[in-house]
Amino acid sequence: MIAELGHVALVLALGVAVVQTIVPFIGAQKRWSGWMATAVPAATLQFLLVGAAFAALMHAFVTSDFSLRLVTMNSHSAKPMLYKISGTWGNHEGSMLLWILIVSLFGAMVAWFGEGLPPRLKARVLSVQASIGVAFLLFILLTSNPFLRLAQPPFDGQDLNPLLQDPGLAFHPPFLYLGYVGLSMSFSFAVAALIEGRVDAAWARWVRPWTLAAWIFLTIGIALGSWWAYYELGWGGFWFWDPVENASFMPWLFAAALLHSAIVVEKREALKSWTILLAILAFGFSLIGTFLVRSGVITSVHAFANDPERGVFILLILGIFTGGALMLYAARAHAMEAKGVFSMFSRESALVFNNILLAVSAIVVFIGTIWPLVAEMVFDRKLSVGAPFFEAAFTPFMVVLAIALPFGAMIPWKRGKVGRLVRPLVPAMILALVVALLAWTIQTERTILGPIGFLLGAWLVGGALTDLWSRLGRGAISGRLGRLARLPRADLGRVTAHAGLGIIFMGISGLMAWQIEDIRVAQTGEAYQVADIQVVMNEVRQEEGPNYLTTMADVVVSDENGERIALLQPEKRVYPVQAMPTTEAAIHSGFWRDIYVVIGDPQDNGGYAVRTFIKPFANWIWAGAIIMALGGLLSLSDRRYRVAAGAARQRAGGQGQQGVPAE
């Protein structure tokens with residue numbers, strides 16, 4: 001009965017979304033305040049109905065209701081409760097329901113917290129957001145209904161994909177979808193602005209928090225996915241340029257460009273057309289990612305579906321929304337007149353340069369991702385585009401971005417002078433050079449990758465600290481530090497995020513340059529040396545988990561003096577229901593390096609295949625991502641984002657003119 005109520009709630013949500021799409025839009029066009037006002041209760045009701053449907057599906061998974069086809073195919077009575085809950089979205093139908101829930105959530109949040117928005121703009125934004133909900137509600141009801149019953153329910157289910165039965169991947173999809181779908185809000189604001197024919201500083205101030213929130217969630221979601229790939233797949237890597245990884249990375253790059261571009265609109269009333277285009281492309285690439293993951297056109301270890309019919313439906317949604325928005329952009333972009341004038345050497349120019357690097361690098365990733373598909377369709381050739389292409393084509397853009405970023409963050413608006421800019425950054429340059437030389441002296445392979453990466457990373461961190469110090473004014477150190485708490489949180493957040501990016505640069509370059517790998521057949525009790533550590537596999541035993549069988553090894557790691565560093569227990573699991581093996585790496589994590597051990601299959605001579613890695617600076621990658629997300633949260637908490645739009649509306653008599661406090 002609860003499942004049927006969930007299905008009814010979805011149908012009702014579709015009806016409410018249709019009303020929310022049509023009535024407020026007509027009201028905005030006709031200036032009928034009553035019709036525009038329907039957007040707020042409609043957005044709230046749509047969210048509550050979709051939330052009820054999602055709760056009904058989660059109830060079915062938690063209670064192991066195997067009369068539902070989806071639960072039978074993706075759950076099992078012996079599965080731990082965490083994975084019963086995460087099984088709700090660990091499949092195509094449930095993940096699409098989560099997608100729709102987040103679309104409705106963002107719309108409801110604009111309805112609840114958008115008091116400062118001009119009524120016509122608010123009505124149009126909620127109307128566009130509801131139209132996205134209509135499209136995906138139709139998609140799920142017509143092609144991916146999660147509430148289908150089985151005529152003869154089985155005694156037990158087929159279990160969730162064992163690779164998804166992991167804490168990291170349990171939380172990875174919700175964060176990723178909050179980012180993916182959150183960009184729909186930027187898209188709705190962009191389309192509403194095109195319909196109105198006006199973009200100003202107040203509009204940029206309104207759209208930036210939603211874009212920033214989506215970027216934060218995407219950052220966390222991508223980091224969780226990278227961390228999961230690092231320790232769960234047993235490959236020892238953190239990023240494989242997998243099509244599904246790329247599907248989330250491309251919107252992240254466009255969202256980063258959009259954030260920086262919106263700053264120029266907000267401060268200087270320039271780059272209006274470009275900012276609108278970025279908002280369209282950011283959400284458009286989210287839809288492209290959805291198509292890649294669910295259409296079956298690509299193969300990935302964590303693709304959700306392999307159904308060309310569903311792919312055609314998503315492709316139709318992509319064409320309607322992205323194509324329609326681009327046509328509207330072509331028709332109305334001329335109305336987005338830029339008012340600001342700036343020189344070539346200014347913060348505006350630096351942000352334009354930043355935008356170009358991010359956008360072009362996203363296009364490079366897109367080409368590499370879809371090229372195998374294009375080659376097969378057009379040239380009838382099966383090709384594989386792997387890490388070498390992406391590293392060669394993508395890395396130069398990031399190198400240039402890292403070099404330019406500290407300069408761009410400190411150049412004055414409108415016009416700057418080279419001498420005044422370079423002088424404060426000399427300490428950061430010295431710091432970067434010293435760190436690079438230190439990295440060069442400690443490495444053994446004499447590859448240039450490590451020192452260059454550390455040079456760029458230290459340059460970014462040093463540049464961020466210099467930027468922060470320059471904003472504390474002049475005078476004694478105590479006085480300048482006292483002004484730190486009074487700095488706008490947006491400034492603190494920007495500096496923190498840039499420093500986090502520098503730490504990621506150092507972590508990636510150090511791991512890729514100085515990783516040590518040892519592959520061998522290890523006998524029980526036999527010691528072997530890997531760099532400066534000694535490894536002994538003391539015991540291998542068979543154990544039983546909640547819904548799996550495991551082969552677990554006790555591996556003792558000691559230093560050069562024979563003192564124990566860690567006892568690691570790598571596993572080789574088999575999930576009987578799906579007859580699928582998984583590898584559980586054992587990792588001793590440290591500040592400077594990880595010791596990473598993977599056990600493989602038993603060998604004919606009685607030993608086991610064992611892979612041992614020493615991974616320098618691995619944790620710096622995820623620490624940098626956390627620091628970047630923290631920087632975004634600091635910026636998002638800036639009080640000006642909550643009050644400036646409303647103040648602007650009051651001063652401008654509800655017309656949403658600039659009226660925004662200066663930086």
# chains A, B, ... in the order shown; residues from 1 in each chain; ligands from 1
call {"tool": "residues_around", "arguments": {"residues": "Glu266 of chain A", "least_positions_apart": "5", "cutoff": "7 Å", "atoms": "only C-alpha atoms", "output": "ChimeraX atom specification"}}
result
/A:201-202,204-205
call {"tool": "write_last_selection", "arguments": {"atoms": "C-alpha atoms", "output": "short mmCIF file (atom, residue, chain, number, x, y, z; two decimals), in the first residue's frame"}}
result
data_model
loop_
_atom_site.label_atom_id
_atom_site.label_comp_id
_atom_site.auth_asym_id
_atom_site.auth_seq_id
_atom_site.Cartn_x
_atom_site.Cartn_y
_atom_site.Cartn_z
CA ALA A 201 24.67 43.29 -10.44
CA ALA A 202 21.72 42.28 -8.28
CA ALA A 204 24.62 38.17 -10.23
CA ARG A 205 24.40 38.50 -6.45
#
call {"tool": "residues_around", "arguments": {"residues": "Ala497 of chain A", "least_positions_apart": "3", "cutoff": "7 Å", "atoms": "only C-alpha atoms", "output": "PyMOL selection string"}}
result
chain A and resi 493-494+500-501+627-629+631-632
call {"tool": "write_last_selection", "arguments": {"atoms": "C-alpha atoms", "output": "short mmCIF file (atom, residue, chain, number, x, y, z; two decimals), in the first residue's frame"}}
result
data_model
loop_
_atom_site.label_atom_id
_atom_site.label_comp_id
_atom_site.auth_asym_id
_atom_site.auth_seq_id
_atom_site.Cartn_x
_atom_site.Cartn_y
_atom_site.Cartn_z
CA GLY A 493 36.53 31.68 1.36
CA ARG A 494 38.26 32.61 -1.90
CA GLY A 500 43.14 24.05 -1.21
CA LEU A 501 43.73 23.89 -4.95
CA ILE A 627 39.78 22.78 2.14
CA MET A 628 38.33 23.92 -1.21
CA ALA A 629 34.83 22.93 -0.10
CA GLY A 631 36.39 27.81 1.30
CA GLY A 632 33.15 27.58 -0.62
#
call {"tool": "closest_residue", "arguments": {"among": "A:Leu148, A:Leu431, A:Val426, A:Val265", "to": "Leu351 of chain A", "atoms": "only C-alpha atoms"}}
result
A:Val265
call {"tool": "residues_around", "arguments": {"residues": "Leu14 of chain A", "least_positions_apart": "3", "cutoff": "7 Å", "atoms": "only C-alpha atoms", "output": "ChimeraX atom specification"}}
result
/A:10-11,17-18,134,137
call {"tool": "write_last_selection", "arguments": {"atoms": "C-alpha atoms", "output": "short mmCIF file (atom, residue, chain, number, x, y, z; two decimals), in the first residue's frame"}}
result
data_model
loop_
_atom_site.label_atom_id
_atom_site.label_comp_id
_atom_site.auth_asym_id
_atom_site.auth_seq_id
_atom_site.Cartn_x
_atom_site.Cartn_y
_atom_site.Cartn_z
CA LEU A 10 4.68 11.07 -8.12
CA VAL A 11 1.66 11.44 -10.39
CA ALA A 17 4.80 20.78 -11.59
CA VAL A 18 2.75 21.40 -14.73
CA VAL A 134 8.02 18.03 -15.44
CA LEU A 137 8.82 13.23 -13.74
#
call {"tool": "select_by_dssp", "arguments": {"residues": "segment 356-591 of chain A", "states": "strand (DSSP E or B)", "output": "MDAnalysis selection string"}}
result
chainID A and resid 516:522 527:530 533:544 549:558 564:568 571:575 580:584 586:589
call {"tool": "closest_residue", "arguments": {"among": "A:Ile288, A:Ala257, A:Ile516, A:Leu194", "to": "Ala331 of chain A", "atoms": "only C-alpha atoms"}}
result
A:Leu194
call {"tool": "closest_residue", "arguments": {"among": "A:Ala485, A:Ala43, A:Ile403, A:Val434", "to": "Leu456 of chain A", "atoms": "only C-alpha atoms"}}
result
A:Ile403
call {"tool": "residues_around", "arguments": {"residues": "segment 2-7 of chain A", "least_positions_apart": "4", "cutoff": "8 Å", "atoms": "only C-alpha atoms", "output": "list in words"}}
result
Val11, Ala52, Ala53, Phe54, Ala55, Ala56, Leu57, Ala60 and Phe147 of chain A
call {"tool": "closest_residue", "arguments": {"among": "A:Asn605, A:Asn619, A:Thr290, A:Gln158", "to": "Asn74 of chain A", "atoms": "only C-alpha atoms"}}
result
A:Gln158
call {"tool": "closest_residue", "arguments": {"among": "A:Phe240, A:Trp274, A:Tyr528, A:Gly168", "to": "Phe389 of chain A", "atoms": "only C-alpha atoms"}}
result
A:Phe240
call {"tool": "residues_around", "arguments": {"residues": "Thr275 of chain A", "least_positions_apart": "3", "cutoff": "12 Å", "atoms": "only C-alpha atoms", "output": "PDB file with N, CA and C atoms, in the first residue's frame"}}
result
ATOM      1  N   SER A 186      20.983  27.695 -11.354  1.00  0.00           N
ATOM      2  CA  SER A 186      21.680  28.719 -12.144  1.00  0.00           C
ATOM      3  C   SER A 186      21.080  28.808 -13.537  1.00  0.00           C
ATOM      4  N   PHE A 187      20.749  27.640 -14.099  1.00  0.00           N
ATOM      5  CA  PHE A 187      20.120  27.597 -15.422  1.00  0.00           C
ATOM      6  C   PHE A 187      18.778  28.320 -15.395  1.00  0.00           C
ATOM      7  N   PHE A 189      17.768  30.688 -13.354  1.00  0.00           N
ATOM      8  CA  PHE A 189      17.998  32.132 -13.252  1.00  0.00           C
ATOM      9  C   PHE A 189      18.449  32.713 -14.593  1.00  0.00           C
ATOM     10  N   ALA A 190      19.282  31.980 -15.332  1.00  0.00           N
ATOM     11  CA  ALA A 190      19.765  32.469 -16.618  1.00  0.00           C
ATOM     12  C   ALA A 190      18.634  32.582 -17.625  1.00  0.00           C
ATOM     13  N   VAL A 191      17.794  31.549 -17.721  1.00  0.00           N
ATOM     14  CA  VAL A 191      16.685  31.581 -18.670  1.00  0.00           C
ATOM     15  C   VAL A 191      15.692  32.670 -18.284  1.00  0.00           C
ATOM     16  N   ALA A 193      16.377  35.429 -16.772  1.00  0.00           N
ATOM     17  CA  ALA A 193      16.997  36.704 -17.130  1.00  0.00           C
ATOM     18  C   ALA A 193      16.907  36.952 -18.629  1.00  0.00           C
ATOM     19  N   LEU A 194      17.068  35.902 -19.439  1.00  0.00           N
ATOM     20  CA  LEU A 194      16.941  36.063 -20.888  1.00  0.00           C
ATOM     21  C   LEU A 194      15.515  36.459 -21.262  1.00  0.00           C
ATOM     22  N   VAL A 199      20.126  41.668 -17.156  1.00  0.00           N
ATOM     23  CA  VAL A 199      21.063  41.088 -16.192  1.00  0.00           C
ATOM     24  C   VAL A 199      21.823  42.246 -15.565  1.00  0.00           C
ATOM     25  N   ASP A 200      21.828  42.314 -14.244  1.00  0.00           N
ATOM     26  CA  ASP A 200      22.537  43.387 -13.563  1.00  0.00           C
ATOM     27  C   ASP A 200      23.286  42.821 -12.364  1.00  0.00           C
ATOM     28  N   ALA A 201      23.867  43.726 -11.578  1.00  0.00           N
ATOM     29  CA  ALA A 201      24.671  43.292 -10.437  1.00  0.00           C
ATOM     30  C   ALA A 201      23.831  42.538  -9.420  1.00  0.00           C
ATOM     31  N   TRP A 203      21.221  40.666 -10.037  1.00  0.00           N
ATOM     32  CA  TRP A 203      20.996  39.306 -10.559  1.00  0.00           C
ATOM     33  C   TRP A 203      22.208  38.428 -10.277  1.00  0.00           C
ATOM     34  N   ALA A 204      23.406  38.954 -10.494  1.00  0.00           N
ATOM     35  CA  ALA A 204      24.619  38.175 -10.226  1.00  0.00           C
ATOM     36  C   ALA A 204      24.725  37.825  -8.751  1.00  0.00           C
ATOM     37  N   VAL A 207      22.322  34.923  -8.117  1.00  0.00           N
ATOM     38  CA  VAL A 207      22.626  33.622  -8.715  1.00  0.00           C
ATOM     39  C   VAL A 207      23.886  32.988  -8.126  1.00  0.00           C
ATOM     40  N   ARG A 208      24.786  33.791  -7.608  1.00  0.00           N
ATOM     41  CA  ARG A 208      26.055  33.241  -7.119  1.00  0.00           C
ATOM     42  C   ARG A 208      25.900  32.264  -5.961  1.00  0.00           C
ATOM     43  N   THR A 211      24.896  28.861  -7.370  1.00  0.00           N
ATOM     44  CA  THR A 211      26.013  28.251  -8.106  1.00  0.00           C
ATOM     45  C   THR A 211      27.091  27.775  -7.150  1.00  0.00           C
ATOM     46  N   PHE A 254      32.815  24.042 -15.472  1.00  0.00           N
ATOM     47  CA  PHE A 254      31.953  25.138 -15.927  1.00  0.00           C
ATOM     48  C   PHE A 254      31.386  25.920 -14.736  1.00  0.00           C
ATOM     49  N   ALA A 255      31.059  25.218 -13.652  1.00  0.00           N
ATOM     50  CA  ALA A 255      30.546  25.917 -12.470  1.00  0.00           C
ATOM     51  C   ALA A 255      31.617  26.827 -11.879  1.00  0.00           C
ATOM     52  N   ALA A 256      32.873  26.361 -11.861  1.00  0.00           N
ATOM     53  CA  ALA A 256      33.959  27.221 -11.373  1.00  0.00           C
ATOM     54  C   ALA A 256      34.106  28.458 -12.245  1.00  0.00           C
ATOM     55  N   ALA A 257      34.017  28.284 -13.561  1.00  0.00           N
ATOM     56  CA  ALA A 257      34.086  29.432 -14.466  1.00  0.00           C
ATOM     57  C   ALA A 257      32.917  30.376 -14.235  1.00  0.00           C
ATOM     58  N   LEU A 258      31.719  29.810 -14.032  1.00  0.00           N
ATOM     59  CA  LEU A 258      30.534  30.632 -13.800  1.00  0.00           C
ATOM     60  C   LEU A 258      30.667  31.453 -12.525  1.00  0.00           C
ATOM     61  N   LEU A 259      31.203  30.857 -11.473  1.00  0.00           N
ATOM     62  CA  LEU A 259      31.392  31.596 -10.224  1.00  0.00           C
ATOM     63  C   LEU A 259      32.280  32.821 -10.431  1.00  0.00           C
ATOM     64  N   HIS A 260      33.380  32.628 -11.151  1.00  0.00           N
ATOM     65  CA  HIS A 260      34.305  33.741 -11.370  1.00  0.00           C
ATOM     66  C   HIS A 260      33.715  34.775 -12.320  1.00  0.00           C
ATOM     67  N   SER A 261      32.967  34.318 -13.311  1.00  0.00           N
ATOM     68  CA  SER A 261      32.364  35.260 -14.256  1.00  0.00           C
ATOM     69  C   SER A 261      31.287  36.101 -13.592  1.00  0.00           C
ATOM     70  N   ALA A 262      30.507  35.475 -12.698  1.00  0.00           N
ATOM     71  CA  ALA A 262      29.450  36.222 -12.014  1.00  0.00           C
ATOM     72  C   ALA A 262      30.021  37.338 -11.152  1.00  0.00           C
ATOM     73  N   ILE A 263      31.255  37.157 -10.674  1.00  0.00           N
ATOM     74  CA  ILE A 263      31.903  38.221  -9.894  1.00  0.00           C
ATOM     75  C   ILE A 263      32.052  39.482 -10.738  1.00  0.00           C
ATOM     76  N   VAL A 264      32.427  39.303 -12.009  1.00  0.00           N
ATOM     77  CA  VAL A 264      32.619  40.461 -12.891  1.00  0.00           C
ATOM     78  C   VAL A 264      31.280  41.153 -13.145  1.00  0.00           C
ATOM     79  N   VAL A 265      30.213  40.380 -13.329  1.00  0.00           N
ATOM     80  CA  VAL A 265      28.887  40.984 -13.509  1.00  0.00           C
ATOM     81  C   VAL A 265      28.501  41.762 -12.259  1.00  0.00           C
ATOM     82  N   GLU A 266      28.763  41.166 -11.115  1.00  0.00           N
ATOM     83  CA  GLU A 266      28.362  41.784  -9.853  1.00  0.00           C
ATOM     84  C   GLU A 266      29.143  43.069  -9.572  1.00  0.00           C
ATOM     85  N   GLU A 269      29.503  44.996 -13.898  1.00  0.00           N
ATOM     86  CA  GLU A 269      28.444  44.978 -14.919  1.00  0.00           C
ATOM     87  C   GLU A 269      29.000  44.644 -16.301  1.00  0.00           C
ATOM     88  N   ALA A 270      29.955  43.719 -16.337  1.00  0.00           N
ATOM     89  CA  ALA A 270      30.540  43.265 -17.602  1.00  0.00           C
ATOM     90  C   ALA A 270      30.390  41.755 -17.681  1.00  0.00           C
ATOM     91  N   LEU A 271      30.687  41.193 -18.866  1.00  0.00           N
ATOM     92  CA  LEU A 271      30.612  39.744 -19.123  1.00  0.00           C
ATOM     93  C   LEU A 271      29.209  39.179 -18.894  1.00  0.00           C
ATOM     94  N   LYS A 272      28.187  39.965 -19.147  1.00  0.00           N
ATOM     95  CA  LYS A 272      26.826  39.492 -18.889  1.00  0.00           C
ATOM     96  C   LYS A 272      26.454  38.333 -19.807  1.00  0.00           C
ATOM     97  N   LEU A 278      27.546  30.559 -19.698  1.00  0.00           N
ATOM     98  CA  LEU A 278      28.158  29.582 -18.799  1.00  0.00           C
ATOM     99  C   LEU A 278      27.103  28.886 -17.940  1.00  0.00           C
ATOM    100  N   ALA A 279      26.098  29.635 -17.496  1.00  0.00           N
ATOM    101  CA  ALA A 279      25.035  29.019 -16.690  1.00  0.00           C
ATOM    102  C   ALA A 279      24.285  27.965 -17.498  1.00  0.00           C
ATOM    103  N   ILE A 280      24.058  28.248 -18.772  1.00  0.00           N
ATOM    104  CA  ILE A 280      23.383  27.280 -19.639  1.00  0.00           C
ATOM    105  C   ILE A 280      24.264  26.067 -19.867  1.00  0.00           C
ATOM    106  N   LEU A 281      25.544  26.305 -20.145  1.00  0.00           N
ATOM    107  CA  LEU A 281      26.452  25.198 -20.434  1.00  0.00           C
ATOM    108  C   LEU A 281      26.708  24.331 -19.199  1.00  0.00           C
ATOM    109  N   ALA A 282      26.776  24.948 -18.020  1.00  0.00           N
ATOM    110  CA  ALA A 282      27.033  24.165 -16.806  1.00  0.00           C
ATOM    111  C   ALA A 282      25.933  23.135 -16.592  1.00  0.00           C
ATOM    112  N   TYR A 329      19.076  32.396 -26.003  1.00  0.00           N
ATOM    113  CA  TYR A 329      20.288  33.191 -25.802  1.00  0.00           C
ATOM    114  C   TYR A 329      20.684  33.908 -27.090  1.00  0.00           C
ATOM    115  N   ALA A 333      20.653  37.756 -26.421  1.00  0.00           N
ATOM    116  CA  ALA A 333      21.952  38.113 -25.840  1.00  0.00           C
ATOM    117  C   ALA A 333      22.329  39.563 -26.136  1.00  0.00           C
ATOM    118  N   MET A 336      21.910  42.085 -23.425  1.00  0.00           N
ATOM    119  CA  MET A 336      22.770  42.061 -22.240  1.00  0.00           C
ATOM    120  C   MET A 336      23.943  43.015 -22.433  1.00  0.00           C
ATOM    121  N   ALA A 338      26.943  45.318 -21.799  1.00  0.00           N
ATOM    122  CA  ALA A 338      27.968  45.456 -20.769  1.00  0.00           C
ATOM    123  C   ALA A 338      28.247  46.930 -20.520  1.00  0.00           C
ATOM    124  N   LEU A 351      39.968  37.451 -14.841  1.00  0.00           N
ATOM    125  CA  LEU A 351      38.839  36.529 -14.697  1.00  0.00           C
ATOM    126  C   LEU A 351      38.373  36.013 -16.052  1.00  0.00           C
ATOM    127  N   VAL A 352      38.457  36.836 -17.074  1.00  0.00           N
ATOM    128  CA  VAL A 352      38.159  36.360 -18.427  1.00  0.00           C
ATOM    129  C   VAL A 352      39.139  35.265 -18.820  1.00  0.00           C
ATOM    130  N   ASN A 355      38.270  32.147 -17.056  1.00  0.00           N
ATOM    131  CA  ASN A 355      37.093  31.526 -17.676  1.00  0.00           C
ATOM    132  C   ASN A 355      37.462  30.749 -18.930  1.00  0.00           C
ATOM    133  N   ILE A 356      38.309  31.350 -19.744  1.00  0.00           N
ATOM    134  CA  ILE A 356      38.697  30.690 -20.995  1.00  0.00           C
ATOM    135  C   ILE A 356      39.427  29.384 -20.701  1.00  0.00           C
ATOM    136  N   ALA A 359      36.848  26.780 -19.305  1.00  0.00           N
ATOM    137  CA  ALA A 359      35.885  26.331 -20.311  1.00  0.00           C
ATOM    138  C   ALA A 359      36.552  25.461 -21.365  1.00  0.00           C
TER     139      ALA A 359
END
call {"tool": "closest_residue", "arguments": {"among": "A:Leu383, A:Ile599, A:Met109, A:Ala566", "to": "Arg520 of chain A", "atoms": "only C-alpha atoms"}}
result
A:Ile599
call {"tool": "residues_around", "arguments": {"residues": "Val62 of chain A", "least_positions_apart": "2", "cutoff": "12 Å", "atoms": "only C-alpha atoms", "output": "number ranges by chain"}}
result
A: 55-60, 64-66, 71, 74-88
